[in-house]
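structure.cif (mmCIF, C-alpha atoms and all ligand atoms)
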data_query
loop_
_atom_site.label_atom_id
_atom_site.label_comp_id
_atom_site.auth_asym_id
_atom_site.auth_seq_id
_atom_site.Cartn_x
_atom_site.Cartn_y
_atom_site.Cartn_z
CA MET A 237 8.41 13.95 22.95
CA VAL A 238 7.85 17.60 23.67
CA GLY A 239 9.50 19.11 26.75
CA PRO A 240 7.59 19.93 29.94
CA ALA A 241 7.72 23.66 29.18
CA ALA A 242 5.26 22.93 26.36
CA ILE A 243 2.55 22.45 29.01
CA ARG A 244 2.32 26.25 29.07
CA LEU A 245 1.21 26.19 25.43
CA LEU A 246 -1.59 23.69 26.13
CA ASP A 247 -5.24 24.42 26.89
CA CYS A 248 -7.26 21.45 28.06
CA HIS A 249 -11.03 21.82 27.84
CA PRO A 250 -12.31 21.90 31.47
CA GLU A 251 -14.09 18.57 31.06
CA VAL A 252 -10.91 16.98 29.68
CA ALA A 253 -8.79 18.47 32.46
CA ALA A 254 -11.22 17.20 35.10
CA ALA A 255 -11.15 13.67 33.66
CA LEU A 256 -7.36 13.59 33.38
CA ALA A 257 -6.94 14.87 36.93
CA VAL A 258 -8.69 11.78 38.33
CA GLY A 259 -7.36 9.27 35.79
CA ALA A 260 -10.74 8.92 34.06
CA PRO A 261 -10.76 7.74 30.43
CA VAL A 262 -10.19 10.32 27.68
CA VAL A 263 -9.96 9.74 23.92
CA ALA A 264 -8.09 12.15 21.64
CA LEU A 265 -9.51 12.90 18.18
CA GLU A 266 -7.77 14.62 15.27
CA SER A 267 -8.91 17.66 13.29
CA THR A 268 -7.29 17.21 9.85
CA ILE A 269 -10.10 14.75 9.17
CA ILE A 270 -12.58 17.58 9.93
CA ALA A 271 -10.90 20.38 7.97
CA HIS A 272 -9.42 18.37 5.08
CA GLY A 273 -10.87 14.86 5.15
CA MET A 274 -14.60 15.49 4.75
CA PRO A 275 -16.74 18.24 3.13
CA TRP A 276 -18.98 20.67 5.02
CA PRO A 277 -21.47 20.02 6.58
CA HIS A 278 -20.79 16.27 6.79
CA ASN A 279 -17.54 17.03 8.60
CA LEU A 280 -19.29 18.80 11.49
CA GLU A 281 -21.97 16.16 11.78
CA ALA A 282 -19.36 13.41 11.76
CA ALA A 283 -17.19 15.16 14.35
CA GLN A 284 -20.17 15.62 16.66
CA ARG A 285 -21.30 12.03 16.24
CA VAL A 286 -17.77 10.78 16.95
CA GLU A 287 -17.60 12.78 20.18
CA ALA A 288 -21.05 11.47 21.19
CA GLU A 289 -19.94 7.89 20.47
CA VAL A 290 -16.90 8.32 22.75
CA ARG A 291 -19.14 9.64 25.53
CA ARG A 292 -21.71 6.87 25.07
CA HIS A 293 -18.95 4.37 25.78
CA GLY A 294 -17.76 6.02 28.95
CA ALA A 295 -14.89 8.29 27.93
CA VAL A 296 -14.44 12.04 27.47
CA PRO A 297 -13.62 13.16 23.90
CA ALA A 298 -10.75 15.59 23.31
CA THR A 299 -10.65 16.86 19.75
CA VAL A 300 -7.21 18.34 19.17
CA ALA A 301 -6.38 21.44 17.09
CA VAL A 302 -4.18 24.54 17.22
CA LEU A 303 -6.20 27.73 17.70
CA GLY A 304 -4.60 31.14 17.96
CA GLY A 305 -1.26 29.45 18.52
CA ARG A 306 -2.56 27.48 21.51
CA LEU A 307 -2.55 23.68 21.58
CA LYS A 308 -6.12 22.62 22.29
CA ALA A 309 -7.09 19.29 23.85
CA GLY A 310 -10.88 19.45 23.62
CA LEU A 311 -12.82 22.02 21.63
CA SER A 312 -15.96 23.97 22.53
CA ALA A 313 -18.98 23.56 20.23
CA PRO A 314 -18.37 26.94 18.50
CA GLN A 315 -14.67 26.12 18.01
CA MET A 316 -15.59 22.79 16.44
CA GLU A 317 -18.14 24.42 14.14
CA ALA A 318 -15.72 27.14 13.02
CA LEU A 319 -13.11 24.54 12.17
CA ALA A 320 -15.62 22.48 10.18
CA ARG A 321 -17.04 25.52 8.34
CA GLY A 322 -13.59 26.84 7.51
CA GLY A 323 -12.58 23.51 5.97
CA ALA A 324 -9.31 23.66 4.07
CA SER A 325 -8.78 27.33 5.00
CA THR A 326 -7.26 26.01 8.23
CA PRO A 327 -3.87 24.57 7.27
CA LYS A 328 -3.10 20.94 7.84
CA ALA A 329 -0.63 20.79 10.72
CA SER A 330 1.81 17.95 11.24
CA ARG A 331 4.86 17.80 13.56
CA ARG A 332 6.93 20.22 11.48
CA ASP A 333 4.17 22.86 11.43
CA LEU A 334 3.49 23.17 15.15
CA ALA A 335 6.30 25.60 16.02
CA ALA A 336 5.36 28.03 13.26
CA LEU A 337 1.69 28.02 14.28
CA VAL A 338 2.56 28.62 17.93
CA ALA A 339 5.05 31.39 17.05
CA ARG A 340 2.55 33.19 14.79
CA GLY A 341 -0.49 32.59 17.00
CA ALA A 342 -2.15 30.82 14.09
CA ASP A 343 -4.68 27.99 13.61
CA GLY A 344 -3.97 24.47 12.41
CA ALA A 345 -5.89 21.25 11.88
CA THR A 346 -3.78 18.52 13.43
CA THR A 347 -2.80 15.32 11.62
CA VAL A 348 -2.32 12.01 13.39
CA ALA A 349 1.30 12.97 14.16
CA ALA A 350 0.48 16.39 15.61
CA THR A 351 -2.56 15.07 17.48
CA MET A 352 -0.36 12.43 19.11
CA ILE A 353 2.08 15.12 20.25
CA VAL A 354 -0.67 17.18 21.88
CA ALA A 355 -2.38 14.10 23.35
CA ALA A 356 0.87 12.92 24.94
CA LEU A 357 1.49 16.37 26.34
CA ALA A 358 -1.97 16.37 27.93
CA GLY A 359 -1.52 12.81 29.27
CA ILE A 360 -4.04 11.19 26.90
CA ARG A 361 -3.00 7.66 25.88
CA VAL A 362 -5.72 6.61 23.44
CA PHE A 363 -6.60 8.30 20.15
CA ALA A 364 -9.23 7.42 17.54
CA THR A 365 -9.15 8.35 13.87
CA GLY A 366 -10.07 6.95 10.45
CA GLY A 367 -6.79 6.00 8.85
CA ILE A 368 -3.15 6.82 9.45
CA GLY A 369 -0.81 8.28 6.87
CA GLY A 370 1.83 5.94 5.49
CA VAL A 371 4.23 5.23 2.68
CA HIS A 372 2.78 6.55 -0.57
CA ARG A 373 2.88 4.47 -3.69
CA GLY A 374 5.97 5.46 -5.63
CA ALA A 375 7.76 6.56 -2.44
CA ALA A 376 10.99 5.06 -3.78
CA SER A 377 11.25 8.14 -5.99
CA SER A 378 8.95 10.68 -4.26
CA PHE A 379 10.21 9.98 -0.70
CA ASP A 380 6.61 10.65 0.41
CA ILE A 381 6.37 8.87 3.77
CA SER A 382 3.93 10.32 6.29
CA ALA A 383 5.38 11.84 9.46
CA ASP A 384 2.65 9.80 11.23
CA LEU A 385 4.86 6.71 11.02
CA LEU A 386 7.84 8.36 12.71
CA GLU A 387 5.58 9.88 15.36
CA LEU A 388 4.24 6.42 16.20
CA ALA A 389 7.85 5.41 16.86
CA GLN A 390 8.45 8.10 19.45
CA THR A 391 5.23 9.29 21.08
CA PRO A 392 3.36 7.10 23.59
CA VAL A 393 -0.20 7.15 22.26
CA ALA A 394 -2.25 4.23 20.94
CA VAL A 395 -3.90 5.07 17.62
CA VAL A 396 -7.13 3.23 16.88
CA CYS A 397 -7.72 3.28 13.12
CA ALA A 398 -9.14 1.20 10.27
CA GLY A 399 -5.64 0.56 8.95
CA ALA A 400 -4.76 2.74 6.01
CA LYS A 401 -6.21 3.39 2.59
CA SER A 402 -4.75 1.65 -0.39
CA ILE A 403 -3.97 5.08 -1.86
CA LEU A 404 -0.83 4.11 0.12
CA ASP A 405 1.54 1.23 -0.39
CA LEU A 406 0.34 -0.86 2.56
CA GLY A 407 3.18 -3.40 2.36
CA LEU A 408 5.84 -0.68 2.55
CA THR A 409 3.88 1.08 5.30
CA LEU A 410 4.08 -2.09 7.41
CA GLU A 411 7.81 -2.39 6.64
CA VAL A 412 8.50 1.13 7.92
CA LEU A 413 6.41 0.52 11.04
CA GLU A 414 8.41 -2.66 11.66
CA THR A 415 11.72 -0.84 11.19
CA GLN A 416 10.55 1.84 13.60
CA GLY A 417 9.51 -0.73 16.21
CA VAL A 418 5.82 0.18 16.16
CA PRO A 419 3.46 -2.65 17.15
CA VAL A 420 0.60 -3.05 14.68
CA VAL A 421 -2.15 -4.99 16.40
CA GLY A 422 -5.22 -6.38 14.66
CA TYR A 423 -8.46 -6.04 16.56
CA GLY A 424 -10.30 -9.29 15.91
CA THR A 425 -8.25 -9.82 12.76
CA ASP A 426 -4.95 -11.36 11.65
CA THR A 427 -4.51 -9.04 8.69
CA LEU A 428 -4.13 -5.30 8.20
CA PRO A 429 -7.49 -3.70 7.40
CA ALA A 430 -7.49 -1.45 4.32
CA PHE A 431 -9.89 1.26 5.43
CA TYR A 432 -12.90 0.76 3.10
CA VAL A 433 -12.33 -3.00 3.05
CA ARG A 434 -11.70 -5.27 6.01
CA ASP A 435 -8.68 -7.12 4.74
CA SER A 436 -5.62 -5.93 2.82
CA GLY A 437 -4.14 -9.43 2.64
CA PHE A 438 -1.08 -8.32 4.65
CA SER A 439 -0.51 -10.46 7.76
CA LEU A 440 -0.09 -8.92 11.19
CA GLN A 441 2.01 -10.41 13.99
CA GLN A 442 -0.21 -9.33 16.88
CA ARG A 443 -3.91 -9.61 17.51
CA VAL A 444 -6.29 -8.88 20.40
CA ASP A 445 -9.98 -9.66 20.61
CA ASN A 446 -11.27 -7.46 23.41
CA PRO A 447 -10.61 -4.00 24.89
CA GLU A 448 -9.11 -5.43 28.10
CA ASP A 449 -6.38 -7.30 26.22
CA ALA A 450 -5.72 -4.19 24.13
CA ALA A 451 -5.33 -2.13 27.31
CA ARG A 452 -2.95 -4.74 28.79
CA LEU A 453 -0.81 -4.38 25.69
CA LEU A 454 -0.60 -0.60 26.17
CA HIS A 455 0.38 -1.00 29.80
CA ALA A 456 3.04 -3.55 28.81
CA GLN A 457 4.46 -1.32 26.06
CA TRP A 458 4.95 1.57 28.46
CA ALA A 459 5.92 -0.57 31.48
CA LEU A 460 8.80 -1.77 29.29
CA GLY A 461 9.90 1.84 28.90
CA LEU A 462 9.34 1.70 25.15
CA LYS A 463 8.73 5.28 24.16
CA GLY A 464 6.54 4.90 21.11
CA GLY A 465 2.87 4.33 20.48
CA LEU A 466 1.08 1.58 18.69
CA VAL A 467 -1.50 1.01 16.00
CA LEU A 468 -4.70 -0.80 16.93
CA ALA A 469 -6.16 -1.73 13.55
CA ASN A 470 -9.92 -2.15 13.65
CA PRO A 471 -11.65 -3.36 10.46
CA ILE A 472 -14.62 -1.42 9.08
CA PRO A 473 -17.89 -3.12 10.16
CA ARG A 474 -18.93 -5.76 7.60
CA GLU A 475 -22.20 -3.99 6.75
CA HIS A 476 -20.32 -0.82 5.73
CA GLU A 477 -17.51 -2.45 3.76
CA MET A 478 -17.25 -1.32 0.14
CA PRO A 479 -16.96 -3.69 -2.83
CA ARG A 480 -13.23 -4.11 -3.31
CA ALA A 481 -13.24 -3.82 -7.12
CA ARG A 482 -15.26 -0.61 -6.98
CA ILE A 483 -13.06 1.18 -4.45
CA ASP A 484 -9.86 -0.10 -6.09
CA ALA A 485 -10.97 1.30 -9.46
CA ALA A 486 -11.76 4.68 -7.87
CA ILE A 487 -8.37 4.71 -6.11
CA GLU A 488 -6.49 3.98 -9.36
CA LEU A 489 -8.37 6.77 -11.12
CA ALA A 490 -7.80 9.27 -8.29
CA LEU A 491 -4.09 8.43 -8.17
CA ALA A 492 -3.78 8.92 -11.94
CA GLU A 493 -5.59 12.27 -11.74
CA GLY A 494 -3.35 13.42 -8.91
CA GLN A 495 -0.26 12.50 -10.86
CA ALA A 496 -1.52 14.24 -14.01
CA GLN A 497 -2.22 17.41 -12.00
CA GLY A 498 1.13 17.30 -10.23
CA ILE A 499 -0.43 17.04 -6.74
CA HIS A 500 2.19 16.14 -4.15
CA GLY A 501 3.31 16.62 -0.55
CA LYS A 502 0.74 17.49 2.09
CA ALA A 503 -1.90 18.21 -0.58
CA SER A 504 -1.80 14.61 -1.76
CA THR A 505 -3.99 12.90 0.88
CA PRO A 506 -6.76 15.57 0.93
CA PHE A 507 -6.86 15.59 -2.90
CA LEU A 508 -7.21 11.81 -3.08
CA LEU A 509 -9.90 11.73 -0.35
CA ALA A 510 -12.00 14.36 -2.12
CA ARG A 511 -11.67 12.64 -5.49
CA LEU A 512 -12.64 9.27 -3.99
CA ALA A 513 -15.77 10.76 -2.46
CA ALA A 514 -16.72 12.30 -5.81
CA LEU A 515 -15.89 9.19 -7.84
CA THR A 516 -17.97 6.92 -5.56
CA GLY A 517 -20.95 9.29 -5.44
CA GLY A 518 -20.49 9.86 -1.71
CA ASP A 519 -20.39 6.16 -0.82
CA SER A 520 -16.77 6.40 0.32
CA LEU A 521 -17.75 9.25 2.64
CA ALA A 522 -20.51 7.17 4.25
CA ALA A 523 -18.08 4.29 4.75
CA ASN A 524 -15.51 6.71 6.16
CA ILE A 525 -17.98 8.04 8.75
CA ALA A 526 -19.06 4.51 9.72
CA LEU A 527 -15.50 3.34 10.33
CA VAL A 528 -14.55 6.43 12.34
CA LEU A 529 -17.56 5.85 14.61
CA ASN A 530 -16.52 2.22 14.98
CA ASN A 531 -13.01 3.34 15.95
CA ALA A 532 -14.34 5.94 18.40
CA ARG A 533 -16.32 3.23 20.18
CA LEU A 534 -13.36 0.87 20.42
CA ALA A 535 -11.02 3.65 21.55
CA ALA A 536 -13.44 4.59 24.33
CA GLN A 537 -13.67 0.95 25.43
CA VAL A 538 -9.88 0.64 25.44
CA ALA A 539 -9.49 3.92 27.35
CA VAL A 540 -12.00 2.67 29.95
CA ALA A 541 -10.17 -0.65 30.32
CA TYR A 542 -6.79 1.13 30.42
CA ALA A 543 -7.96 3.40 33.25
CA ALA A 544 -9.45 0.44 35.18
CA GLN A 545 -6.13 -1.40 35.00
CA LEU A 546 -4.25 1.59 36.43
CA GLN A 547 -4.29 0.25 39.99
CA PRO A 548 -2.54 2.27 42.66
CA HIS A 549 0.10 -0.19 43.91
CA GLY A 550 2.61 1.72 46.00
CA HIS A 551 6.31 1.59 45.31
CA CYS A 552 7.20 -1.90 46.55
CA GLY A 553 7.21 -3.43 43.05
N1 LIG B 601 -5.90 9.10 5.93
C1 LIG B 601 -7.23 9.13 5.75
N2 LIG B 601 -7.90 10.26 6.06
C2 LIG B 601 -7.27 11.37 6.54
C3 LIG B 601 -5.86 11.31 6.72
C4 LIG B 601 -5.22 10.17 6.41
O1 LIG B 601 -7.79 8.14 5.34
O2 LIG B 601 -7.93 12.39 6.81
C5 LIG B 601 -5.14 12.50 7.29
C6 LIG B 601 -4.73 12.24 8.74
O3 LIG B 601 -4.82 13.47 9.46
C7 LIG B 601 -3.28 11.84 8.61
C8 LIG B 601 -2.85 12.72 7.48
O4 LIG B 601 -2.52 12.07 9.77
O5 LIG B 601 -3.94 12.70 6.57
C9 LIG B 601 -1.60 12.20 6.80
O6 LIG B 601 -1.15 13.16 5.92
P1 LIG B 601 0.33 13.06 5.30
O7 LIG B 601 0.29 11.83 4.43
O8 LIG B 601 0.51 14.33 4.54
O9 LIG B 601 1.25 12.93 6.47
MN MN B 602 3.25 13.06 2.76
#
Spit out the file's structure as structure tokens when you get a sec.
Ligand code: PSU
Ligand code: MN
Amino acid sequence: MVGPAAIRLLDCHPEVAAALAVGAPVVALESTIIAHGMPWPHNLEAAQRVEAEVRRHGAVPATVAVLGGRLKAGLSAPQMEALARGGASTPKASRRDLAALVARGADGATTVAATMIVAALAGIRVFATGGIGGVHRGAASSFDISADLLELAQTPVAVVCAGAKSILDLGLTLEVLETQGVPVVGYGTDTLPAFYVRDSGFSLQQRVDNPEDAARLLHAQWALGLKGGLVLANPIPREHEMPRARIDAAIELALAEGQAQGIHGKASTPFLLARLAALTGGDSLAANIALVLNNARLAAQVAVAYAAQLQPHGHCG
């Protein structure tokens, strides 16, 4: 967690601040997906649709970014457009990058890890995205394990996602999450979703089937004093699922290209996402947008249920 003094570095959008002040539901959204995950102008359209979907289901959206060294929870329309237009010119910002951006007064597009940090600071408990980072294939020699996994172990925010892409090693990703004590909960499923496809074949230990039960799980996690977050894994809607063989072939090709070009570190995920979109003629992008909208809806429903379960109950136990 970030210390209380960090509050001075945070700017909540007025609408977000007003909602948080009365315990109304708010959903955090990340900005790496805008600047590095999708091409202009699809990124702006997707970001706007995701915010609208959150609102339609009764919560206030708070897209997170670093602008001019300030931590932003909630962007204005011009801020959102500038971020989308600028694309990869805004650096991807994970936990390790935040201090430098704040010190220099610079801009950053926040990853899942950095978005969780800002959300927790603001008091936002539910966050929607597409997919989390994880253990990359070949991590035994590259050591490439996303900081998202370690953030989930220590920062109390529920991340609603469609699992993770099989550009990652999903089995090892689940192992690290287990080691770190992070609950991975299937939403209406007993297996980890694999982003473009509903089922990775990897079993999950926990499942919920409605937003109320998901919210009860969040309350229980934090009532126990467990400091971390959790993953609520929501499969892509059936009608948007991609044929497994087709996406697997594109992933293998993109991975081989990345290796041949020596792409590594933080450039790896954006490179693979862009290649997948190109190799599938844009179909992967359409699926990506559909699953993010699906996650935004569920996150809003969970945030609404979570707020409704926050009953004032005095101090008598
Ligand atoms: N996975 C996706 N799309 C994304 C990302 C992950 O399917 O846009 C982004 C998220 O912002 C995630 C980050 O937090 O990539 C992980 O990057 P890294 O592996 O460098 O930690
Ligand atoms: Mn990495």
**Message:** Counting all atoms listed in the file, find residues at most 6 Å from (-12.1, 4.7, 13.8) (file frame) and give them as a PyMOL selection string.
**Reply:** chain A and resi 364-366+397-398+527-532
**Cut-off 10 Å, all atoms listed in the file, neighbours of ligand MN 602 (chain B) as a ChimeraX atom specification** = /A:330,369-372,375,378-384,500-505
**Message:** As an exercise, work out the distance from CA of Lys308 (chain A) to CA of Ala522 (chain A) in Å and give it to one decimal place.
**Reply:** 27.8 Å
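When CA of His278 (chain A) is paired with CA of Ile368 (chain A), their separation reads 20.2 Å.
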Axis-aligned box over every listed atom of ligand LIG 601 (chain B), padded by 8 Å per side: centre and edges in Å to one decimal, as JSON?
{"center_x": -3.3, "center_y": 11.2, "center_z": 7.1, "size_x": 25.2, "size_y": 22.2, "size_z": 21.3}
Completed region 269-301 of chain A (N, CA and C atoms) as a PDB file, in the coordinates of the input:
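This went into out.pdb:
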ATOM      1  N   ILE A 269      -8.960  15.475   9.760  1.00  0.00           N
ATOM      2  CA  ILE A 269     -10.100  14.750   9.170  1.00  0.00           C
ATOM      3  C   ILE A 269     -11.318  15.678   9.055  1.00  0.00           C
ATOM      4  N   ILE A 270     -11.459  16.637   9.975  1.00  0.00           N
ATOM      5  CA  ILE A 270     -12.580  17.580   9.930  1.00  0.00           C
ATOM      6  C   ILE A 270     -12.337  18.635   8.853  1.00  0.00           C
ATOM      7  N   ALA A 271     -11.158  19.245   8.868  1.00  0.00           N
ATOM      8  CA  ALA A 271     -10.900  20.380   7.970  1.00  0.00           C
ATOM      9  C   ALA A 271     -10.538  19.948   6.546  1.00  0.00           C
ATOM     10  N   HIS A 272      -9.920  18.776   6.409  1.00  0.00           N
ATOM     11  CA  HIS A 272      -9.420  18.370   5.080  1.00  0.00           C
ATOM     12  C   HIS A 272      -9.919  17.010   4.615  1.00  0.00           C
ATOM     13  N   GLY A 273     -10.524  16.241   5.514  1.00  0.00           N
ATOM     14  CA  GLY A 273     -10.870  14.860   5.150  1.00  0.00           C
ATOM     15  C   GLY A 273     -12.309  14.691   4.701  1.00  0.00           C
ATOM     16  N   MET A 274     -13.181  15.618   5.097  1.00  0.00           N
ATOM     17  CA  MET A 274     -14.600  15.490   4.750  1.00  0.00           C
ATOM     18  C   MET A 274     -15.155  16.876   4.417  1.00  0.00           C
ATOM     19  N   PRO A 275     -16.154  16.942   3.504  1.00  0.00           N
ATOM     20  CA  PRO A 275     -16.740  18.240   3.130  1.00  0.00           C
ATOM     21  C   PRO A 275     -17.758  18.730   4.165  1.00  0.00           C
ATOM     22  N   TRP A 276     -17.889  20.053   4.262  1.00  0.00           N
ATOM     23  CA  TRP A 276     -18.980  20.670   5.020  1.00  0.00           C
ATOM     24  C   TRP A 276     -20.304  20.311   4.377  1.00  0.00           C
ATOM     25  N   PRO A 277     -21.363  20.043   5.126  1.00  0.00           N
ATOM     26  CA  PRO A 277     -21.470  20.020   6.580  1.00  0.00           C
ATOM     27  C   PRO A 277     -21.298  18.623   7.178  1.00  0.00           C
ATOM     28  N   HIS A 278     -20.959  17.652   6.304  1.00  0.00           N
ATOM     29  CA  HIS A 278     -20.790  16.270   6.790  1.00  0.00           C
ATOM     30  C   HIS A 278     -19.692  16.193   7.841  1.00  0.00           C
ATOM     31  N   ASN A 279     -18.678  17.070   7.667  1.00  0.00           N
ATOM     32  CA  ASN A 279     -17.540  17.030   8.600  1.00  0.00           C
ATOM     33  C   ASN A 279     -17.987  17.391  10.019  1.00  0.00           C
ATOM     34  N   LEU A 280     -18.843  18.407  10.148  1.00  0.00           N
ATOM     35  CA  LEU A 280     -19.290  18.800  11.490  1.00  0.00           C
ATOM     36  C   LEU A 280     -20.158  17.710  12.098  1.00  0.00           C
ATOM     37  N   GLU A 281     -21.085  17.200  11.271  1.00  0.00           N
ATOM     38  CA  GLU A 281     -21.970  16.160  11.780  1.00  0.00           C
ATOM     39  C   GLU A 281     -21.163  14.937  12.220  1.00  0.00           C
ATOM     40  N   ALA A 282     -20.183  14.574  11.415  1.00  0.00           N
ATOM     41  CA  ALA A 282     -19.360  13.410  11.760  1.00  0.00           C
ATOM     42  C   ALA A 282     -18.584  13.663  13.046  1.00  0.00           C
ATOM     43  N   ALA A 283     -17.996  14.858  13.162  1.00  0.00           N
ATOM     44  CA  ALA A 283     -17.190  15.160  14.350  1.00  0.00           C
ATOM     45  C   ALA A 283     -18.052  15.127  15.612  1.00  0.00           C
ATOM     46  N   GLN A 284     -19.276  15.632  15.504  1.00  0.00           N
ATOM     47  CA  GLN A 284     -20.170  15.620  16.660  1.00  0.00           C
ATOM     48  C   GLN A 284     -20.608  14.207  17.018  1.00  0.00           C
ATOM     49  N   ARG A 285     -20.884  13.418  15.982  1.00  0.00           N
ATOM     50  CA  ARG A 285     -21.300  12.030  16.240  1.00  0.00           C
ATOM     51  C   ARG A 285     -20.156  11.232  16.854  1.00  0.00           C
ATOM     52  N   VAL A 286     -18.934  11.496  16.408  1.00  0.00           N
ATOM     53  CA  VAL A 286     -17.770  10.780  16.950  1.00  0.00           C
ATOM     54  C   VAL A 286     -17.597  11.122  18.423  1.00  0.00           C
ATOM     55  N   GLU A 287     -17.714  12.402  18.768  1.00  0.00           N
ATOM     56  CA  GLU A 287     -17.600  12.780  20.180  1.00  0.00           C
ATOM     57  C   GLU A 287     -18.701  12.112  21.009  1.00  0.00           C
ATOM     58  N   ALA A 288     -19.929  12.081  20.466  1.00  0.00           N
ATOM     59  CA  ALA A 288     -21.050  11.470  21.190  1.00  0.00           C
ATOM     60  C   ALA A 288     -20.806   9.968  21.399  1.00  0.00           C
ATOM     61  N   GLU A 289     -20.214   9.331  20.381  1.00  0.00           N
ATOM     62  CA  GLU A 289     -19.940   7.890  20.470  1.00  0.00           C
ATOM     63  C   GLU A 289     -18.903   7.605  21.579  1.00  0.00           C
ATOM     64  N   VAL A 290     -17.909   8.465  21.682  1.00  0.00           N
ATOM     65  CA  VAL A 290     -16.900   8.320  22.750  1.00  0.00           C
ATOM     66  C   VAL A 290     -17.579   8.426  24.116  1.00  0.00           C
ATOM     67  N   ARG A 291     -18.429   9.440  24.252  1.00  0.00           N
ATOM     68  CA  ARG A 291     -19.140   9.640  25.530  1.00  0.00           C
ATOM     69  C   ARG A 291     -20.029   8.447  25.869  1.00  0.00           C
ATOM     70  N   ARG A 292     -20.768   7.966  24.857  1.00  0.00           N
ATOM     71  CA  ARG A 292     -21.710   6.870  25.070  1.00  0.00           C
ATOM     72  C   ARG A 292     -20.989   5.638  25.615  1.00  0.00           C
ATOM     73  N   HIS A 293     -19.695   5.537  25.314  1.00  0.00           N
ATOM     74  CA  HIS A 293     -18.950   4.370  25.780  1.00  0.00           C
ATOM     75  C   HIS A 293     -18.029   4.695  26.944  1.00  0.00           C
ATOM     76  N   GLY A 294     -18.353   5.804  27.635  1.00  0.00           N
ATOM     77  CA  GLY A 294     -17.760   6.020  28.950  1.00  0.00           C
ATOM     78  C   GLY A 294     -16.480   6.821  29.003  1.00  0.00           C
ATOM     79  N   ALA A 295     -16.109   7.486  27.906  1.00  0.00           N
ATOM     80  CA  ALA A 295     -14.890   8.290  27.930  1.00  0.00           C
ATOM     81  C   ALA A 295     -15.211   9.738  27.534  1.00  0.00           C
ATOM     82  N   VAL A 296     -14.286  10.626  27.833  1.00  0.00           N
ATOM     83  CA  VAL A 296     -14.440  12.040  27.470  1.00  0.00           C
ATOM     84  C   VAL A 296     -13.667  12.290  26.163  1.00  0.00           C
ATOM     85  N   PRO A 297     -14.323  12.891  25.148  1.00  0.00           N
ATOM     86  CA  PRO A 297     -13.620  13.160  23.900  1.00  0.00           C
ATOM     87  C   PRO A 297     -12.774  14.441  24.001  1.00  0.00           C
ATOM     88  N   ALA A 298     -11.619  14.407  23.362  1.00  0.00           N
ATOM     89  CA  ALA A 298     -10.750  15.590  23.310  1.00  0.00           C
ATOM     90  C   ALA A 298     -10.295  15.779  21.870  1.00  0.00           C
ATOM     91  N   THR A 299     -11.068  16.564  21.115  1.00  0.00           N
ATOM     92  CA  THR A 299     -10.650  16.860  19.750  1.00  0.00           C
ATOM     93  C   THR A 299      -9.507  17.865  19.818  1.00  0.00           C
ATOM     94  N   VAL A 300      -8.437  17.556  19.095  1.00  0.00           N
ATOM     95  CA  VAL A 300      -7.210  18.340  19.170  1.00  0.00           C
ATOM     96  C   VAL A 300      -7.093  19.259  17.951  1.00  0.00           C
ATOM     97  N   ALA A 301      -6.647  20.500  18.177  1.00  0.00           N
ATOM     98  CA  ALA A 301      -6.380  21.440  17.090  1.00  0.00           C
ATOM     99  C   ALA A 301      -5.426  22.501  17.646  1.00  0.00           C
TER     100      ALA A 301
END
